[in-house]
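Engineer: My questions will all concern the structure given below.
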Amino acid sequence: MGNPYVALSLEIYHTWLEQVHTVHAVFELSIFNHSKGVYCGCKASYNFDVKNTYSKPHCLIPLQELLKSSAFLVDDSCVFGVEILKIDVSSPEKKDVVVQKKATTVQNLFIQKKGFIKGTYTWTMDNFLELDLKHFVRSPTFEVGGLKWYIRMYPRGDKYSNDCLSLYLSLDDSVELPLEYGKVVELTLSIVDQKNVKHRTATSGLWVCGQGHKLVCVQGMGSSNFFGLKELKDPLGGYVVGSSCIVKADLTIVGSSNDD
């Protein structure tokens, strides 16, 4: 309604969902009040499955209120949290699945938007309509912030899409970093409109962390349903001109993560 809010949503890692049908989760999303020493948030629930891996966004605080606040915003940093209160898992046969209980892990993510690094990569495909649509295609490797990346595209969509082009950002397999390494990256992927400058874009955050000398990239690397195939190939649009399609990736490394 014209009043921007800071909002959070919860995502489940979709490759794990290949084994199950539905995950019903009850959780609480929150922002930390430094003055009172407590988390303030809202309780929510969502049914996750392979087609619905993101919960709907939940508004926590008006943006202007946050920017003026000395309780939630301290030294240009905010602390956000999530607590999983309950999980019920159902299999495709509608049978309940036993979920092993584990000790609760608390992790605070501190994001400080200072001294950030920006980079842009443009990938032009002149043979888009001739691509093997049964497999993904990848861009040449490019470097931003000392890390090697590439764009991965499924021209007909991956197995999670609904008649859409799927588009992702990936880290090169050759990258090796220490286990304790952590970075938070803001990513914008775009399909360029070559005629009308109405680019199709999507922005998300991802957390890059080292794991056993291999770099793991989690949370929001792209989308299975990035762009509907019908609109993409519409001759009146400018997303595919002749056989040319242009994809752009804008990356901003906004800070480091610290475990508490």
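Ligands are numbered from 1 in the order shown, chains are lettered A, B, ... in the order of the structure tokens, and residues start at 1 in each chain.
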As a count of residues only, please: every residue in stretch 217-248 of chain A that a backbone DSSP assignment puts in alpha helix (DSSP H).
Structural biologist: 4
Engineer: Give the strand (DSSP E or B) residues of stretch 14-62 of chain A, as assigned by DSSP on the backbone, as a ChimeraX atom specification.
Structural biologist: /A:22-33,38-49,52,54,58-62
Engineer: Write the residues you've just listed into a file as an mmCIF file, in the first residue's frame, and include N, CA and C atoms for each of them.
Structural biologist:
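Result file follows (result.cif):
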```
data_model
loop_
_atom_site.group_PDB
_atom_site.id
_atom_site.type_symbol
_atom_site.label_atom_id
_atom_site.label_comp_id
_atom_site.auth_asym_id
_atom_site.auth_seq_id
_atom_site.Cartn_x
_atom_site.Cartn_y
_atom_site.Cartn_z
ATOM 1 N N THR A 22 5.128 -33.417 1.448
ATOM 2 C CA THR A 22 4.794 -32.123 2.040
ATOM 3 C C THR A 22 5.468 -31.981 3.404
ATOM 4 N N VAL A 23 5.996 -30.797 3.652
ATOM 5 C CA VAL A 23 6.561 -30.469 4.957
ATOM 6 C C VAL A 23 5.752 -29.319 5.534
ATOM 7 N N HIS A 24 5.014 -29.590 6.625
ATOM 8 C CA HIS A 24 4.265 -28.530 7.303
ATOM 9 C C HIS A 24 5.125 -27.999 8.440
ATOM 10 N N ALA A 25 5.479 -26.727 8.350
ATOM 11 C CA ALA A 25 6.362 -26.109 9.347
ATOM 12 C C ALA A 25 5.666 -24.954 10.043
ATOM 13 N N VAL A 26 5.841 -24.902 11.353
ATOM 14 C CA VAL A 26 5.411 -23.763 12.161
ATOM 15 C C VAL A 26 6.686 -23.068 12.636
ATOM 16 N N PHE A 27 6.778 -21.774 12.422
ATOM 17 C CA PHE A 27 8.034 -21.074 12.704
ATOM 18 C C PHE A 27 7.755 -19.631 13.118
ATOM 19 N N GLU A 28 8.800 -18.979 13.614
ATOM 20 C CA GLU A 28 8.702 -17.571 14.006
ATOM 21 C C GLU A 28 9.857 -16.807 13.381
ATOM 22 N N LEU A 29 9.532 -15.767 12.618
ATOM 23 C CA LEU A 29 10.517 -14.891 12.009
ATOM 24 C C LEU A 29 10.628 -13.628 12.849
ATOM 25 N N SER A 30 11.851 -13.135 13.046
ATOM 26 C CA SER A 30 11.999 -12.036 13.997
ATOM 27 C C SER A 30 13.173 -11.123 13.667
ATOM 28 N N ILE A 31 13.153 -9.962 14.300
ATOM 29 C CA ILE A 31 14.240 -8.989 14.240
ATOM 30 C C ILE A 31 14.631 -8.666 15.682
ATOM 31 N N PHE A 32 15.923 -8.477 15.923
ATOM 32 C CA PHE A 32 16.415 -8.306 17.292
ATOM 33 C C PHE A 32 16.345 -6.856 17.735
ATOM 34 N N ASN A 33 15.761 -6.634 18.912
ATOM 35 C CA ASN A 33 15.711 -5.313 19.538
ATOM 36 C C ASN A 33 16.890 -5.203 20.499
ATOM 37 N N VAL A 38 15.706 -8.505 23.115
ATOM 38 C CA VAL A 38 14.767 -9.568 22.757
ATOM 39 C C VAL A 38 14.527 -9.559 21.250
ATOM 40 N N TYR A 39 14.065 -10.718 20.735
ATOM 41 C CA TYR A 39 13.647 -10.815 19.339
ATOM 42 C C TYR A 39 12.163 -10.463 19.234
ATOM 43 N N CYS A 40 11.811 -9.655 18.252
ATOM 44 C CA CYS A 40 10.417 -9.269 18.015
ATOM 45 C C CYS A 40 10.016 -9.793 16.627
ATOM 46 N N GLY A 41 8.904 -10.511 16.575
ATOM 47 C CA GLY A 41 8.543 -11.066 15.282
ATOM 48 C C GLY A 41 7.129 -11.574 15.209
ATOM 49 N N CYS A 42 6.913 -12.482 14.292
ATOM 50 C CA CYS A 42 5.578 -13.016 14.075
ATOM 51 C C CYS A 42 5.653 -14.527 13.857
ATOM 52 N N LYS A 43 4.620 -15.218 14.332
ATOM 53 C CA LYS A 43 4.519 -16.664 14.171
ATOM 54 C C LYS A 43 3.781 -16.963 12.871
ATOM 55 N N ALA A 44 4.232 -17.976 12.148
ATOM 56 C CA ALA A 44 3.626 -18.317 10.861
ATOM 57 C C ALA A 44 3.732 -19.815 10.628
ATOM 58 N N SER A 45 3.032 -20.282 9.599
ATOM 59 C CA SER A 45 3.122 -21.681 9.197
ATOM 60 C C SER A 45 3.016 -21.762 7.682
ATOM 61 N N TYR A 46 3.544 -22.861 7.125
ATOM 62 C CA TYR A 46 3.523 -23.003 5.665
ATOM 63 C C TYR A 46 3.691 -24.475 5.302
ATOM 64 N N ASN A 47 3.054 -24.882 4.200
ATOM 65 C CA ASN A 47 3.217 -26.231 3.666
ATOM 66 C C ASN A 47 4.202 -26.174 2.501
ATOM 67 N N PHE A 48 5.392 -26.714 2.723
ATOM 68 C CA PHE A 48 6.434 -26.714 1.693
ATOM 69 C C PHE A 48 6.362 -27.995 0.868
ATOM 70 N N ASP A 49 6.576 -27.877 -0.445
ATOM 71 C CA ASP A 49 6.753 -29.042 -1.312
ATOM 72 C C ASP A 49 7.658 -28.630 -2.460
ATOM 73 N N ASN A 52 6.644 -25.429 -4.022
ATOM 74 C CA ASN A 52 6.475 -24.286 -3.110
ATOM 75 C C ASN A 52 7.558 -24.349 -2.048
ATOM 76 N N TYR A 54 9.282 -21.529 -0.951
ATOM 77 C CA TYR A 54 9.354 -20.283 -0.192
ATOM 78 C C TYR A 54 8.026 -20.032 0.520
ATOM 79 N N HIS A 58 6.620 -12.110 5.368
ATOM 80 C CA HIS A 58 5.924 -11.598 6.545
ATOM 81 C C HIS A 58 6.563 -10.275 6.950
ATOM 82 N N CYS A 59 5.750 -9.224 6.985
ATOM 83 C CA CYS A 59 6.244 -7.883 7.304
ATOM 84 C C CYS A 59 6.586 -7.782 8.792
ATOM 85 N N LEU A 60 7.788 -7.271 9.080
ATOM 86 C CA LEU A 60 8.228 -7.151 10.465
ATOM 87 C C LEU A 60 8.198 -5.713 10.973
ATOM 88 N N ILE A 61 8.676 -4.764 10.145
ATOM 89 C CA ILE A 61 8.781 -3.387 10.601
ATOM 90 C C ILE A 61 8.809 -2.469 9.382
ATOM 91 N N PRO A 62 8.125 -1.309 9.440
ATOM 92 C CA PRO A 62 8.210 -0.369 8.318
ATOM 93 C C PRO A 62 9.654 0.052 8.075
#
```
Engineer: Stretch 232-247 of chain A: which residues within 9 Å, counting only C-alpha atoms, same-chain residues fewer than 3 positions away excluded, as an MDAnalysis selection string?
Structural biologist: chainID A and resid 121:130 151 164:165 189:200 227:229
Engineer: Mind dumping the selected residues with N, CA and C atoms as a CSV table (one decimal), in the first residue's frame?
Structural biologist:
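The resulting file, selection-v6.csv, is reproduced below:
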```
chain,number,residue,atom,x,y,z
A,121,TYR,N,28.1,-9.1,-15.1
A,121,TYR,CA,28.5,-10.0,-16.2
A,121,TYR,C,27.3,-10.1,-17.2
A,122,THR,N,27.6,-10.0,-18.5
A,122,THR,CA,26.6,-10.1,-19.5
A,122,THR,C,26.9,-11.3,-20.4
A,123,TRP,N,25.9,-12.1,-20.6
A,123,TRP,CA,26.1,-13.4,-21.4
A,123,TRP,C,25.2,-13.3,-22.6
A,124,THR,N,25.8,-13.2,-23.8
A,124,THR,CA,25.0,-13.1,-25.0
A,124,THR,C,25.0,-14.4,-25.7
A,125,MET,N,23.8,-15.0,-25.9
A,125,MET,CA,23.7,-16.2,-26.7
A,125,MET,C,23.1,-15.9,-28.1
A,126,ASP,N,23.9,-16.1,-29.1
A,126,ASP,CA,23.4,-15.9,-30.5
A,126,ASP,C,22.7,-17.1,-31.1
A,127,ASN,N,22.7,-18.2,-30.4
A,127,ASN,CA,22.1,-19.5,-30.9
A,127,ASN,C,21.0,-20.0,-29.9
A,128,PHE,N,20.3,-19.1,-29.3
A,128,PHE,CA,19.4,-19.6,-28.2
A,128,PHE,C,18.4,-20.6,-28.7
A,129,LEU,N,17.8,-20.3,-29.9
A,129,LEU,CA,16.8,-21.2,-30.4
A,129,LEU,C,17.3,-22.5,-30.9
A,130,GLU,N,18.6,-22.6,-31.1
A,130,GLU,CA,19.2,-23.9,-31.5
A,130,GLU,C,19.8,-24.7,-30.3
A,151,ILE,N,26.6,-18.6,-14.9
A,151,ILE,CA,25.2,-18.7,-15.0
A,151,ILE,C,24.7,-20.0,-15.6
A,164,CYS,N,8.4,-22.8,-17.6
A,164,CYS,CA,9.2,-21.5,-17.5
A,164,CYS,C,10.6,-21.8,-17.8
A,165,LEU,N,11.4,-20.8,-18.2
A,165,LEU,CA,12.8,-20.9,-18.2
A,165,LEU,C,13.3,-20.8,-16.8
A,189,LEU,N,19.5,-11.3,-11.3
A,189,LEU,CA,19.5,-11.9,-12.7
A,189,LEU,C,18.5,-11.2,-13.6
A,190,SER,N,18.9,-11.0,-14.8
A,190,SER,CA,18.0,-10.3,-15.8
A,190,SER,C,18.0,-11.0,-17.1
A,191,ILE,N,16.9,-11.1,-17.8
A,191,ILE,CA,16.8,-11.4,-19.2
A,191,ILE,C,16.5,-10.0,-19.9
A,192,VAL,N,17.4,-9.6,-20.7
A,192,VAL,CA,17.4,-8.2,-21.3
A,192,VAL,C,16.4,-8.1,-22.4
A,193,ASP,N,15.5,-7.1,-22.3
A,193,ASP,CA,14.6,-6.8,-23.4
A,193,ASP,C,15.3,-5.9,-24.4
A,194,GLN,N,15.6,-6.5,-25.6
A,194,GLN,CA,16.5,-5.8,-26.6
A,194,GLN,C,15.7,-4.8,-27.4
A,195,LYS,N,14.4,-4.7,-27.2
A,195,LYS,CA,13.6,-3.8,-28.0
A,195,LYS,C,13.0,-2.7,-27.1
A,196,ASN,N,12.3,-3.1,-26.0
A,196,ASN,CA,11.5,-2.1,-25.2
A,196,ASN,C,12.1,-1.8,-23.9
A,197,VAL,N,13.3,-2.3,-23.6
A,197,VAL,CA,14.0,-2.0,-22.3
A,197,VAL,C,13.2,-2.3,-21.1
A,198,LYS,N,12.3,-3.3,-21.2
A,198,LYS,CA,11.5,-3.8,-20.1
A,198,LYS,C,12.1,-5.1,-19.6
A,199,HIS,N,13.3,-5.1,-19.0
A,199,HIS,CA,14.0,-6.3,-18.6
A,199,HIS,C,13.3,-7.1,-17.6
A,200,ARG,N,13.4,-8.4,-17.7
A,200,ARG,CA,12.8,-9.3,-16.7
A,200,ARG,C,13.9,-9.6,-15.6
A,227,PHE,N,11.0,-17.2,-15.9
A,227,PHE,CA,10.3,-16.4,-17.0
A,227,PHE,C,9.5,-17.4,-17.8
A,228,GLY,N,8.2,-17.1,-18.0
A,228,GLY,CA,7.3,-18.0,-18.7
A,228,GLY,C,7.8,-18.1,-20.2
A,229,LEU,N,7.8,-19.4,-20.7
A,229,LEU,CA,8.3,-19.6,-22.0
A,229,LEU,C,7.5,-18.9,-23.1
```
Engineer: For A:Tyr160, which of A:Lys134, A:Pro4, A:Leu63, A:Ser224 is the closest residue, counting only C-alpha atoms?
Structural biologist: A:Ser224
Engineer: In terms of the shortest atom-to-atom distance over only C-alpha atoms, which of A:Met221, A:Ala7, A:Leu171, A:Ala71 is closest to A:Pro140?
Structural biologist: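 With only C-alpha atoms as the atom set, the closest residue is A:Leu171.
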Engineer: For A:His34, which of A:Tyr168, A:Tyr13, A:Phe72, A:Tyr5 is the closest residue, counting only C-alpha atoms?
Structural biologist: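 Ranking A:Tyr168, A:Tyr13, A:Phe72, A:Tyr5 by distance to A:His34, first place goes to A:Phe72.
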Engineer: What lies within 6 Å of stretch 153-158 of chain A using only C-alpha atoms, ignoring chain neighbours under 3 positions off, as a PyMOL selection string?
Structural biologist: chain A and resi 133+136-137+161+164-167
Engineer: Would you put the residues from that selection into a file with all heavy atoms, as a PDB file, in the first residue's frame?
Structural biologist:
```
ATOM      1  N   LEU A 133      17.430 -28.259 -25.727  1.00  0.00           N
ATOM      2  CA  LEU A 133      16.526 -27.829 -24.665  1.00  0.00           C
ATOM      3  C   LEU A 133      16.316 -28.866 -23.578  1.00  0.00           C
ATOM      4  O   LEU A 133      15.661 -28.612 -22.577  1.00  0.00           O
ATOM      5  CB  LEU A 133      15.169 -27.444 -25.271  1.00  0.00           C
ATOM      6  CG  LEU A 133      15.226 -26.316 -26.302  1.00  0.00           C
ATOM      7  CD1 LEU A 133      13.828 -25.986 -26.801  1.00  0.00           C
ATOM      8  CD2 LEU A 133      15.878 -25.076 -25.720  1.00  0.00           C
ATOM      9  N   PHE A 136      20.781 -28.345 -19.398  1.00  0.00           N
ATOM     10  CA  PHE A 136      21.105 -26.964 -19.073  1.00  0.00           C
ATOM     11  C   PHE A 136      22.333 -26.526 -19.869  1.00  0.00           C
ATOM     12  O   PHE A 136      23.135 -27.333 -20.340  1.00  0.00           O
ATOM     13  CB  PHE A 136      21.331 -26.793 -17.567  1.00  0.00           C
ATOM     14  CG  PHE A 136      22.644 -27.301 -17.047  1.00  0.00           C
ATOM     15  CD1 PHE A 136      23.790 -26.519 -17.111  1.00  0.00           C
ATOM     16  CD2 PHE A 136      22.726 -28.553 -16.455  1.00  0.00           C
ATOM     17  CE1 PHE A 136      25.004 -26.978 -16.624  1.00  0.00           C
ATOM     18  CE2 PHE A 136      23.920 -29.027 -15.963  1.00  0.00           C
ATOM     19  CZ  PHE A 136      25.069 -28.241 -16.043  1.00  0.00           C
ATOM     20  N   VAL A 137      22.439 -25.219 -20.046  1.00  0.00           N
ATOM     21  CA  VAL A 137      23.617 -24.627 -20.673  1.00  0.00           C
ATOM     22  C   VAL A 137      24.235 -23.674 -19.664  1.00  0.00           C
ATOM     23  O   VAL A 137      23.538 -23.131 -18.796  1.00  0.00           O
ATOM     24  CB  VAL A 137      23.255 -23.874 -21.972  1.00  0.00           C
ATOM     25  CG1 VAL A 137      22.825 -24.843 -23.047  1.00  0.00           C
ATOM     26  CG2 VAL A 137      22.156 -22.837 -21.724  1.00  0.00           C
ATOM     27  N   SER A 161      10.054 -26.572 -12.655  1.00  0.00           N
ATOM     28  CA  SER A 161       9.411 -25.415 -13.279  1.00  0.00           C
ATOM     29  C   SER A 161       8.037 -25.751 -13.841  1.00  0.00           C
ATOM     30  O   SER A 161       7.691 -26.911 -14.060  1.00  0.00           O
ATOM     31  CB  SER A 161      10.299 -24.859 -14.402  1.00  0.00           C
ATOM     32  OG  SER A 161      10.256 -25.712 -15.523  1.00  0.00           O
ATOM     33  N   CYS A 164       8.350 -22.754 -17.621  1.00  0.00           N
ATOM     34  CA  CYS A 164       9.156 -21.542 -17.496  1.00  0.00           C
ATOM     35  C   CYS A 164      10.623 -21.846 -17.753  1.00  0.00           C
ATOM     36  O   CYS A 164      11.088 -22.973 -17.558  1.00  0.00           O
ATOM     37  CB  CYS A 164       9.025 -20.951 -16.088  1.00  0.00           C
ATOM     38  SG  CYS A 164       7.395 -20.305 -15.680  1.00  0.00           S
ATOM     39  N   LEU A 165      11.353 -20.817 -18.181  1.00  0.00           N
ATOM     40  CA  LEU A 165      12.799 -20.896 -18.241  1.00  0.00           C
ATOM     41  C   LEU A 165      13.335 -20.849 -16.817  1.00  0.00           C
ATOM     42  O   LEU A 165      12.873 -20.051 -15.992  1.00  0.00           O
ATOM     43  CB  LEU A 165      13.345 -19.730 -19.067  1.00  0.00           C
ATOM     44  CG  LEU A 165      14.863 -19.565 -19.156  1.00  0.00           C
ATOM     45  CD1 LEU A 165      15.255 -19.107 -20.555  1.00  0.00           C
ATOM     46  CD2 LEU A 165      15.368 -18.546 -18.131  1.00  0.00           C
ATOM     47  N   SER A 166      14.323 -21.693 -16.502  1.00  0.00           N
ATOM     48  CA  SER A 166      14.941 -21.712 -15.178  1.00  0.00           C
ATOM     49  C   SER A 166      16.326 -21.095 -15.274  1.00  0.00           C
ATOM     50  O   SER A 166      17.078 -21.376 -16.210  1.00  0.00           O
ATOM     51  CB  SER A 166      15.048 -23.146 -14.644  1.00  0.00           C
ATOM     52  OG  SER A 166      13.779 -23.761 -14.582  1.00  0.00           O
ATOM     53  N   LEU A 167      16.657 -20.258 -14.293  1.00  0.00           N
ATOM     54  CA  LEU A 167      17.912 -19.506 -14.356  1.00  0.00           C
ATOM     55  C   LEU A 167      18.550 -19.461 -12.970  1.00  0.00           C
ATOM     56  O   LEU A 167      17.880 -19.146 -11.975  1.00  0.00           O
ATOM     57  CB  LEU A 167      17.638 -18.092 -14.864  1.00  0.00           C
ATOM     58  CG  LEU A 167      18.813 -17.262 -15.356  1.00  0.00           C
ATOM     59  CD1 LEU A 167      19.463 -17.916 -16.579  1.00  0.00           C
ATOM     60  CD2 LEU A 167      18.355 -15.848 -15.711  1.00  0.00           C
TER      61      LEU A 167
END
```
Engineer: May I have the residues within 8 Å of A:Leu251 as a PyMOL selection string, using only C-alpha atoms and disregarding those fewer than 4 positions away in the same chain?
Structural biologist: chain A and resi 118-120+144+185-188
